[in-house]
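S.K.: For reference, the file final04.cif (mmCIF, C-alpha atoms) is included below:
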```cif
data_upload
loop_
_atom_site.label_atom_id
_atom_site.label_comp_id
_atom_site.auth_asym_id
_atom_site.auth_seq_id
_atom_site.Cartn_x
_atom_site.Cartn_y
_atom_site.Cartn_z
CA MET A 10 97.29 -7.06 -32.85
CA GLU A 11 98.72 -3.70 -31.94
CA THR A 12 102.42 -4.55 -32.11
CA ALA A 13 102.88 -1.99 -34.91
CA GLN A 14 102.42 0.81 -32.36
CA ARG A 15 105.36 -0.32 -30.24
CA ALA A 16 109.12 0.26 -30.38
CA ASP A 17 112.24 -1.74 -29.49
CA LYS A 18 112.93 -1.60 -25.74
CA ASN A 19 116.70 -1.92 -26.09
CA GLY A 20 119.41 -1.78 -28.71
CA GLN A 21 120.25 0.99 -31.17
CA PHE A 22 116.59 1.50 -32.14
CA ALA A 23 115.21 1.57 -28.60
CA GLY A 24 112.25 3.94 -28.44
CA VAL A 25 112.05 4.40 -32.23
CA SER A 26 108.40 3.80 -33.12
CA TYR A 27 107.36 1.13 -35.57
CA ASP A 28 105.01 2.02 -38.43
CA GLY A 29 101.64 1.75 -36.67
CA LYS A 30 100.98 5.47 -36.61
CA VAL A 31 102.62 6.38 -39.93
CA THR A 32 100.40 8.74 -41.95
CA LYS A 33 100.09 9.90 -45.54
CA ALA A 34 102.19 12.95 -44.72
CA ASP A 35 105.11 10.74 -43.69
CA GLY A 36 105.40 9.50 -47.27
CA LYS A 37 106.60 12.80 -48.68
CA GLY A 38 109.69 12.14 -50.79
CA LYS A 39 109.43 8.36 -50.31
CA TRP A 40 108.42 5.62 -52.76
CA TRP A 41 104.92 5.56 -51.30
CA ASN A 42 104.40 9.32 -51.63
CA GLY A 43 100.69 10.12 -51.82
CA LEU A 44 99.54 6.81 -50.35
CA ASP A 45 98.04 6.45 -46.87
CA PRO A 46 99.48 3.49 -44.90
CA GLN A 47 96.43 3.57 -42.62
CA GLU A 48 94.32 2.54 -45.61
CA LEU A 49 96.42 -0.62 -45.88
CA TYR A 50 96.56 -1.58 -42.21
CA GLU A 51 94.89 0.87 -39.88
CA GLN A 52 96.65 1.11 -36.53
CA ASN A 53 96.50 4.80 -35.64
CA HIS A 54 94.08 4.38 -32.74
CA ALA A 55 94.11 4.15 -28.96
CA LEU A 56 95.72 1.04 -27.55
CA SER A 57 93.60 -1.71 -26.05
CA GLN A 58 93.85 -2.57 -22.37
CA ASN A 59 97.03 -4.55 -21.58
CA SER A 60 98.14 -4.17 -25.19
CA GLU A 61 101.79 -4.78 -24.27
CA ASN A 62 100.91 -8.36 -23.32
CA ASN A 63 100.71 -10.42 -26.51
CA GLY A 64 98.47 -12.98 -24.81
CA THR A 65 95.74 -10.47 -23.96
CA ILE A 66 94.22 -10.77 -27.42
CA HIS A 67 92.95 -14.28 -26.57
CA SER A 68 90.61 -12.84 -23.94
CA GLN A 69 89.41 -10.08 -26.24
CA TRP A 70 87.60 -12.10 -28.90
CA ASN A 71 84.19 -10.56 -29.64
CA TRP A 72 85.51 -7.06 -28.86
CA GLY A 73 85.37 -7.31 -25.08
CA ASN A 74 87.60 -7.08 -22.02
CA GLY A 75 89.05 -3.65 -22.69
CA VAL A 76 89.73 -3.88 -26.42
CA CYS A 77 89.79 -0.62 -28.38
CA PRO A 78 86.53 -0.69 -30.41
CA PRO A 79 86.65 0.06 -34.15
CA SER A 80 85.26 3.36 -35.36
CA LYS A 81 82.11 3.56 -37.47
CA SER A 82 84.17 4.76 -40.44
CA TYR A 83 86.47 1.76 -40.15
CA CYS A 84 83.51 -0.65 -40.03
CA ASP A 85 81.96 1.02 -43.07
CA LYS A 86 85.26 0.82 -44.95
CA PHE A 87 85.64 -2.88 -44.12
CA PHE A 88 82.10 -3.50 -45.34
CA ASN A 89 82.58 -1.59 -48.60
CA ARG A 90 85.90 -3.23 -49.43
CA THR A 91 84.58 -6.75 -48.80
CA ILE A 92 81.38 -6.15 -50.79
CA ASP A 93 83.52 -4.82 -53.64
CA LEU A 94 85.63 -8.00 -53.55
CA ILE A 95 82.53 -10.22 -53.67
CA ASN A 96 80.96 -8.23 -56.50
CA SER A 97 84.19 -8.14 -58.51
CA TYR A 98 85.27 -11.77 -58.20
CA ASP A 99 82.21 -13.83 -57.16
CA PRO A 100 84.17 -16.10 -54.79
CA ASP A 101 82.60 -19.43 -53.88
CA LEU A 102 84.23 -19.34 -50.46
CA VAL A 103 85.06 -16.51 -48.06
CA TYR A 104 87.24 -17.33 -45.06
CA PHE A 105 87.15 -14.94 -42.10
CA ASP A 106 89.93 -15.47 -39.55
CA ASP A 107 87.54 -14.37 -36.85
CA THR A 108 85.08 -15.49 -34.21
CA ALA A 109 81.78 -15.75 -36.07
CA LEU A 110 81.60 -12.76 -38.42
CA PRO A 111 83.96 -9.75 -38.61
CA LEU A 112 83.29 -6.87 -36.18
CA TRP A 113 80.45 -8.71 -34.47
CA PRO A 114 78.92 -7.76 -32.05
CA VAL A 115 80.00 -4.09 -32.11
CA ASP A 116 78.85 -3.67 -35.74
CA ASN A 117 76.63 -5.63 -38.15
CA ALA A 118 78.99 -5.25 -41.15
CA GLY A 119 79.77 -8.97 -41.08
CA LEU A 120 76.10 -9.92 -41.01
CA LYS A 121 75.38 -7.64 -43.97
CA ILE A 122 78.32 -9.11 -45.89
CA ALA A 123 77.04 -12.65 -45.29
CA ALA A 124 73.52 -11.74 -46.36
CA HIS A 125 74.81 -10.06 -49.52
CA MET A 126 77.00 -13.01 -50.49
CA TYR A 127 74.29 -15.62 -49.90
CA ASN A 128 71.60 -13.60 -51.67
CA ARG A 129 73.87 -12.85 -54.62
CA SER A 130 74.73 -16.53 -55.01
CA ALA A 131 71.08 -17.59 -54.82
CA LYS A 132 70.04 -15.00 -57.40
CA LYS A 133 72.79 -15.92 -59.88
CA LYS A 134 72.65 -19.72 -59.49
CA GLY A 135 69.08 -20.37 -58.41
CA LYS A 136 70.26 -21.58 -55.01
CA ASN A 137 72.88 -20.50 -52.51
CA GLU A 138 76.22 -22.20 -53.16
CA ALA A 139 78.34 -19.61 -51.35
CA VAL A 140 80.25 -20.68 -48.23
CA ILE A 141 81.43 -18.47 -45.36
CA PHE A 142 83.76 -19.76 -42.63
CA GLY A 143 84.16 -18.60 -39.03
CA LYS A 144 85.72 -19.83 -35.79
CA ILE A 145 84.46 -20.73 -32.30
CA LEU A 146 80.87 -20.91 -33.56
CA ASP A 147 77.92 -21.91 -31.39
CA ASP A 148 75.29 -24.39 -32.58
CA LEU A 149 73.06 -21.70 -34.07
CA GLN A 150 75.90 -19.97 -35.93
CA ARG A 151 76.99 -23.29 -37.45
CA LYS A 152 73.65 -23.47 -39.24
CA CYS A 153 74.45 -20.39 -41.32
CA MET A 154 78.25 -20.59 -41.49
CA VAL A 155 80.82 -23.38 -41.68
CA TRP A 156 82.76 -23.98 -38.47
CA ASP A 157 86.51 -23.69 -39.03
CA ILE A 158 88.95 -25.37 -36.62
CA GLU A 159 92.48 -23.96 -36.73
CA ARG A 160 95.30 -26.51 -36.61
CA GLY A 161 93.10 -29.21 -35.18
CA GLN A 162 90.12 -31.43 -35.74
CA SER A 163 86.90 -32.56 -34.16
CA ASN A 164 86.86 -35.80 -32.21
CA ALA A 165 83.43 -36.87 -33.46
CA ILE A 166 81.26 -36.98 -36.55
CA GLU A 167 79.80 -33.49 -36.74
CA PRO A 168 76.14 -33.19 -37.82
CA LEU A 169 76.98 -30.22 -40.05
CA PRO A 170 79.94 -29.77 -42.43
CA TRP A 171 83.05 -28.24 -40.86
CA GLN A 172 86.64 -27.54 -41.81
CA THR A 173 90.18 -27.94 -40.53
CA ASP A 174 92.64 -25.28 -41.62
CA THR A 175 96.30 -26.07 -41.21
CA CYS A 176 99.66 -25.48 -42.86
CA ILE A 177 102.61 -27.64 -43.83
CA GLY A 178 104.85 -25.11 -42.08
CA SER A 179 104.29 -21.71 -40.50
CA TRP A 180 101.41 -19.50 -41.64
CA HIS A 181 104.00 -17.32 -43.41
CA TYR A 182 107.10 -18.50 -45.23
CA ASP A 183 109.87 -19.17 -42.72
CA LYS A 184 113.32 -20.03 -44.08
CA ARG A 185 114.24 -21.69 -40.79
CA ILE A 186 111.58 -24.33 -41.37
CA TYR A 187 112.98 -24.95 -44.85
CA GLU A 188 116.57 -25.17 -43.66
CA GLY A 189 115.67 -27.46 -40.75
CA LYS A 190 113.35 -29.57 -42.93
CA HIS A 191 110.52 -29.15 -40.43
CA TYR A 192 107.59 -29.22 -42.86
CA LYS A 193 104.72 -31.62 -42.29
CA SER A 194 105.25 -34.76 -44.31
CA ALA A 195 102.80 -35.92 -46.98
CA ARG A 196 102.06 -38.82 -44.62
CA THR A 197 100.97 -36.42 -41.85
CA VAL A 198 98.81 -34.39 -44.24
CA VAL A 199 97.14 -37.51 -45.66
CA HIS A 200 96.43 -38.87 -42.18
CA THR A 201 94.86 -35.55 -41.22
CA LEU A 202 92.80 -35.46 -44.41
CA VAL A 203 91.43 -38.97 -43.89
CA ASP A 204 90.59 -38.37 -40.22
CA VAL A 205 88.84 -35.07 -40.99
CA VAL A 206 86.80 -36.41 -43.92
CA SER A 207 85.62 -39.39 -41.85
CA LYS A 208 84.04 -36.89 -39.43
CA ASN A 209 82.15 -34.85 -42.06
CA GLY A 210 84.95 -32.32 -42.41
CA ASN A 211 86.99 -30.64 -45.14
CA LEU A 212 90.73 -29.94 -45.12
CA LEU A 213 92.03 -26.51 -46.11
CA LEU A 214 95.81 -26.85 -46.50
CA SER A 215 98.15 -23.87 -46.68
CA VAL A 216 101.47 -24.06 -48.51
CA PRO A 217 103.48 -20.90 -47.65
CA VAL A 218 104.99 -19.05 -50.60
CA LYS A 219 108.23 -17.09 -50.69
CA GLY A 220 108.33 -13.38 -51.35
CA ASN A 221 108.58 -13.95 -55.10
CA GLY A 222 105.40 -16.04 -55.14
CA THR A 223 107.04 -19.45 -55.54
CA ILE A 224 107.23 -22.49 -53.27
CA ASP A 225 110.51 -24.25 -52.50
CA GLU A 226 111.48 -27.71 -53.75
CA LEU A 227 110.73 -29.39 -50.40
CA GLU A 228 107.18 -28.03 -50.39
CA ARG A 229 106.70 -29.04 -54.02
CA LYS A 230 107.79 -32.60 -53.24
CA ILE A 231 105.26 -32.80 -50.39
CA VAL A 232 102.42 -31.43 -52.53
CA GLU A 233 103.26 -33.78 -55.41
CA GLU A 234 103.30 -36.79 -53.08
CA ILE A 235 99.88 -35.83 -51.73
CA GLY A 236 98.74 -35.66 -55.34
CA ASP A 237 100.18 -39.11 -56.03
CA TRP A 238 98.31 -40.53 -53.04
CA MET A 239 95.07 -38.83 -54.08
CA ALA A 240 95.38 -40.15 -57.65
CA ILE A 241 94.92 -43.64 -56.20
CA ASN A 242 92.70 -43.04 -53.17
CA SER A 243 90.50 -40.06 -54.03
CA GLU A 244 87.48 -42.30 -54.62
CA GLY A 245 87.32 -42.80 -50.86
CA ILE A 246 87.63 -39.05 -50.20
CA TYR A 247 85.74 -36.95 -52.76
CA ASP A 248 81.91 -36.86 -52.58
CA THR A 249 81.91 -39.23 -49.61
CA ARG A 250 79.94 -38.97 -46.40
CA PRO A 251 80.58 -40.24 -42.87
CA TRP A 252 79.54 -43.78 -42.02
CA ALA A 253 77.78 -44.95 -38.83
CA ILE A 254 81.07 -44.44 -36.96
CA PHE A 255 84.12 -42.50 -38.09
CA GLY A 256 86.68 -45.13 -37.20
CA GLU A 257 88.37 -47.47 -34.79
CA GLY A 258 91.83 -47.95 -33.28
CA PRO A 259 94.08 -46.89 -30.39
CA ALA A 260 94.55 -43.28 -31.53
CA MET A 261 90.92 -42.55 -30.65
CA ASP A 262 91.62 -43.15 -26.96
CA SER A 263 94.33 -40.45 -26.78
CA ALA A 264 92.61 -37.75 -28.87
CA ALA A 265 93.28 -34.28 -27.46
CA PRO A 266 90.37 -31.89 -26.80
CA LEU A 267 89.98 -28.65 -28.74
CA SER A 268 91.37 -25.44 -27.24
CA ALA A 269 90.03 -22.00 -28.25
CA GLN A 270 90.05 -21.93 -32.08
CA GLY A 271 91.26 -25.55 -32.23
CA PHE A 272 94.96 -26.28 -31.66
CA ASN A 273 94.79 -30.00 -30.82
CA GLU A 274 96.79 -30.97 -33.89
CA GLY A 275 99.55 -33.50 -33.26
CA LYS A 276 98.78 -33.83 -29.55
CA GLY A 277 97.34 -37.33 -29.69
CA LYS A 278 98.88 -40.72 -30.33
CA ALA A 279 100.35 -41.26 -33.80
CA PHE A 280 98.26 -43.31 -36.22
CA SER A 281 99.19 -46.93 -36.92
CA SER A 282 97.92 -49.87 -38.96
CA ALA A 283 95.40 -50.54 -36.17
CA ASP A 284 93.76 -47.16 -36.84
CA ILE A 285 91.05 -47.20 -39.49
CA ARG A 286 88.76 -44.46 -40.77
CA PHE A 287 85.50 -44.98 -42.65
CA THR A 288 83.74 -43.11 -45.44
CA THR A 289 80.82 -44.12 -47.63
CA LYS A 290 79.37 -43.36 -51.07
CA ASN A 291 76.79 -45.01 -53.34
CA ASN A 292 76.23 -47.95 -50.99
CA VAL A 293 79.99 -48.61 -50.85
CA LEU A 294 81.96 -48.56 -47.60
CA TYR A 295 85.58 -47.39 -47.69
CA ALA A 296 87.93 -48.41 -44.89
CA ILE A 297 91.13 -46.36 -44.97
CA VAL A 298 93.91 -48.01 -42.97
CA LEU A 299 96.43 -45.51 -41.53
CA GLY A 300 99.54 -47.65 -41.65
CA TRP A 301 100.84 -50.82 -43.26
CA PRO A 302 100.45 -54.05 -41.21
CA GLU A 303 103.78 -55.83 -41.28
CA ASP A 304 102.09 -59.24 -41.18
CA GLY A 305 100.00 -58.32 -44.23
CA LYS A 306 96.71 -58.74 -42.37
CA VAL A 307 94.05 -56.15 -41.64
CA ILE A 308 91.43 -56.74 -38.95
CA ILE A 309 88.42 -54.42 -38.88
CA LYS A 310 86.71 -55.04 -35.55
CA SER A 311 83.71 -52.86 -36.38
CA LEU A 312 82.76 -55.30 -39.17
CA ALA A 313 82.52 -58.42 -37.05
CA ASN A 314 79.72 -60.90 -37.68
CA ASN A 315 76.47 -59.80 -36.05
CA GLY A 316 77.97 -56.36 -35.42
CA ASN A 317 76.00 -53.20 -34.73
CA TYR A 318 76.94 -51.27 -37.86
CA TYR A 319 77.26 -53.26 -41.09
CA LYS A 320 74.10 -55.31 -41.63
CA GLN A 321 74.57 -56.12 -45.32
CA ARG A 322 76.26 -59.19 -46.74
CA LEU A 323 79.82 -58.41 -47.80
CA ASN A 324 80.53 -59.72 -51.30
CA GLU A 325 83.82 -58.15 -52.32
CA VAL A 326 86.88 -56.36 -50.94
CA THR A 327 89.33 -54.58 -53.21
CA LEU A 328 92.31 -52.30 -52.66
CA LEU A 329 92.07 -49.03 -54.57
CA GLY A 330 94.81 -48.94 -57.17
CA ALA A 331 95.51 -52.67 -57.08
CA GLY A 332 92.75 -53.86 -59.42
CA LYS A 333 92.25 -57.24 -57.77
CA LYS A 334 89.92 -58.81 -55.26
CA LEU A 335 91.29 -59.58 -51.81
CA GLY A 336 90.70 -62.64 -49.71
CA PHE A 337 88.64 -62.04 -46.58
CA SER A 338 86.69 -63.77 -43.84
CA GLN A 339 84.38 -62.63 -41.07
CA ASN A 340 83.93 -63.93 -37.54
CA GLU A 341 82.89 -62.60 -34.17
CA ASN A 342 86.26 -60.77 -33.85
CA GLY A 343 86.00 -58.76 -37.04
CA LEU A 344 86.60 -58.70 -40.76
CA HIS A 345 89.94 -60.28 -41.66
CA ILE A 346 91.56 -59.18 -44.93
CA SER A 347 94.81 -60.34 -46.50
CA VAL A 348 96.81 -57.51 -48.14
CA ALA A 349 100.25 -59.13 -48.19
CA ASP A 350 100.44 -59.40 -51.98
CA VAL A 351 99.21 -55.90 -52.86
CA LYS A 352 101.45 -53.54 -50.87
CA PRO A 353 101.20 -50.08 -52.50
CA LYS A 354 104.09 -47.64 -52.76
CA LEU A 355 102.47 -44.99 -50.55
CA ASN A 356 101.35 -47.47 -47.92
CA TYR A 357 101.09 -45.16 -44.89
CA ALA A 358 97.40 -44.99 -45.77
CA PHE A 359 95.54 -47.30 -48.15
CA THR A 360 91.88 -47.66 -49.02
CA LEU A 361 89.86 -50.87 -48.90
CA LYS A 362 86.65 -50.78 -50.95
CA LEU A 363 83.89 -52.93 -49.47
CA THR A 364 80.79 -53.84 -51.49
#
```
Would you kindly transcribe this structure into structure tokens?

M.R.:
Amino acid sequence: METAQRADKNGQFAGVSYDGKVTKADGKGKWWNGLDPQELYEQNHALSQNSENNGTIHSQWNWGNGVCPPSKSYCDKFFNRTIDLINSYDPDLVYFDDTALPLWPVDNAGLKIAAHMYNRSAKKKGKNEAVIFGKILDDLQRKCMVWDIERGQSNAIEPLPWQTDTCIGSWHYDKRIYEGKHYKSARTVVHTLVDVVSKNGNLLLSVPVKGNGTIDELERKIVEEIGDWMAINSEGIYDTRPWAIFGEGPAMDSAAPLSAQGFNEGKGKAFSSADIRFTTKNNVLYAIVLGWPEDGKVIIKSLANNGNYYKQRLNEVTLLGAGKKLGFSQNENGLHISVADVKPKLNYAFTLKLT
């Protein structure tokens, strides 16, 4: 991202360079006197091919197609700073916004960082509990890192753990989103969470903070509502694993494919009461319904008599948070459950516990 080396093309500041090539000497007499801006965000290097085109970066993942390669000193500095962070703070999780590992394949700094973090964790804890995330990983890379999908999700149960990273707004605080009330709703976040977990995934949710380190009242309301939903339904989320299938319903038929790092979020059909996602834990099956059925009846087709997935005898169905058993019946069309008398407050997603 070499925008910092450009200048306005028109207006009163046309041709006046941005701060990409600012050096330590330029700080004389200024508040940052004695500090080197290149140490913060190094940009004083030759431009990559077609740098003026903002879209070129998408063809230059993995340091190819005319990108300006990093110097050896830069790679060494990146390695030293990251190792210092790991040694100083012992993070459980390191997230690289990168294809595979940083600087790969022009330098092995990322590989050495991963080895150091895993070995350090194993030595301190007796086993490796450290997690490193990367994007656009192949099958082999996913065995040593966790695959991160940006603003999107897989359309299948993945054999290895993976993660969706998304944000309730823009990646950085944007007052226009606040003023226009364009944040993701708690409903949207919960639906994403349930869908991701049903496919062996984890949700990393960003809540942008203002310059003073606080979040606004709209963001707080969304976060608190997610917390209220989780207080009732977390049993079907935490420590669960995927079932034989991740779900059923019409939204599955319109799921959008992944593009580059992900980016299929919100491109499919909206969830409804006909869309159900499954998780399991301790011989219990959880069916999370992604909408409230106006007739008060839930039909789970995947749990029909003599079905392919659920071979056990079903003894009890309860609604998390309701504290009462629900009436149900099974036939060749599915499992029929009556929920008319137990409608929860946050009913855009509710969890049925099947034992």

S.K.: Nearest residue to Pro170 (chain A) out of A:Met126, A:Ile145, A:Val351, A:Val206, using all atoms listed in the file?

M.R.: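 Counting all atoms listed in the file, the residue closest to Pro170 (chain A) is A:Val206.
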
S.K.: Distance CA of Phe272 (chain A)-CA of Asp284 (chain A), one decimal place?

M.R.: 21.5 Å

S.K.: Tell me, as a ChimeraX atom specification, which residues lie within 10 Å of Cys153 (chain A), counting all atoms listed in the file; anything in the same chain fewer than 5 positions away does not count.

M.R.: /A:123,127,140-142,148

S.K.: Ala34 (chain A): which residues within 9 Å, counting all atoms listed in the file, same-chain residues fewer than 4 positions away excluded, as an NGL selection string?

M.R.: :A and (42-45)

S.K.: What's the 10 Å shell around Arg196 (chain A), counting all atoms listed in the file, without same-chain residues fewer than 6 positions away, as a PyMOL selection string?

M.R.: chain A and resi 202+231+234-235+238+299-300+355-358

S.K.: Selected by the PyMOL selection byres ((chain A and resi 310) around 9) in the shown coordinates: which residues, as a PDB file with C-alpha atoms, in the frame of the given file?

M.R.:
```
ATOM      1  CA  GLU A 257      88.370 -47.470 -34.790  1.00  0.00           C
ATOM      2  CA  ILE A 308      91.430 -56.740 -38.950  1.00  0.00           C
ATOM      3  CA  ILE A 309      88.420 -54.420 -38.880  1.00  0.00           C
ATOM      4  CA  SER A 311      83.710 -52.860 -36.380  1.00  0.00           C
ATOM      5  CA  LEU A 312      82.760 -55.300 -39.170  1.00  0.00           C
ATOM      6  CA  ALA A 313      82.520 -58.420 -37.050  1.00  0.00           C
ATOM      7  CA  GLY A 316      77.970 -56.360 -35.420  1.00  0.00           C
ATOM      8  CA  GLU A 341      82.890 -62.600 -34.170  1.00  0.00           C
ATOM      9  CA  ASN A 342      86.260 -60.770 -33.850  1.00  0.00           C
ATOM     10  CA  GLY A 343      86.000 -58.760 -37.040  1.00  0.00           C
ATOM     11  CA  LEU A 344      86.600 -58.700 -40.760  1.00  0.00           C
ATOM     12  CA  HIS A 345      89.940 -60.280 -41.660  1.00  0.00           C
TER      13      HIS A 345
END
```
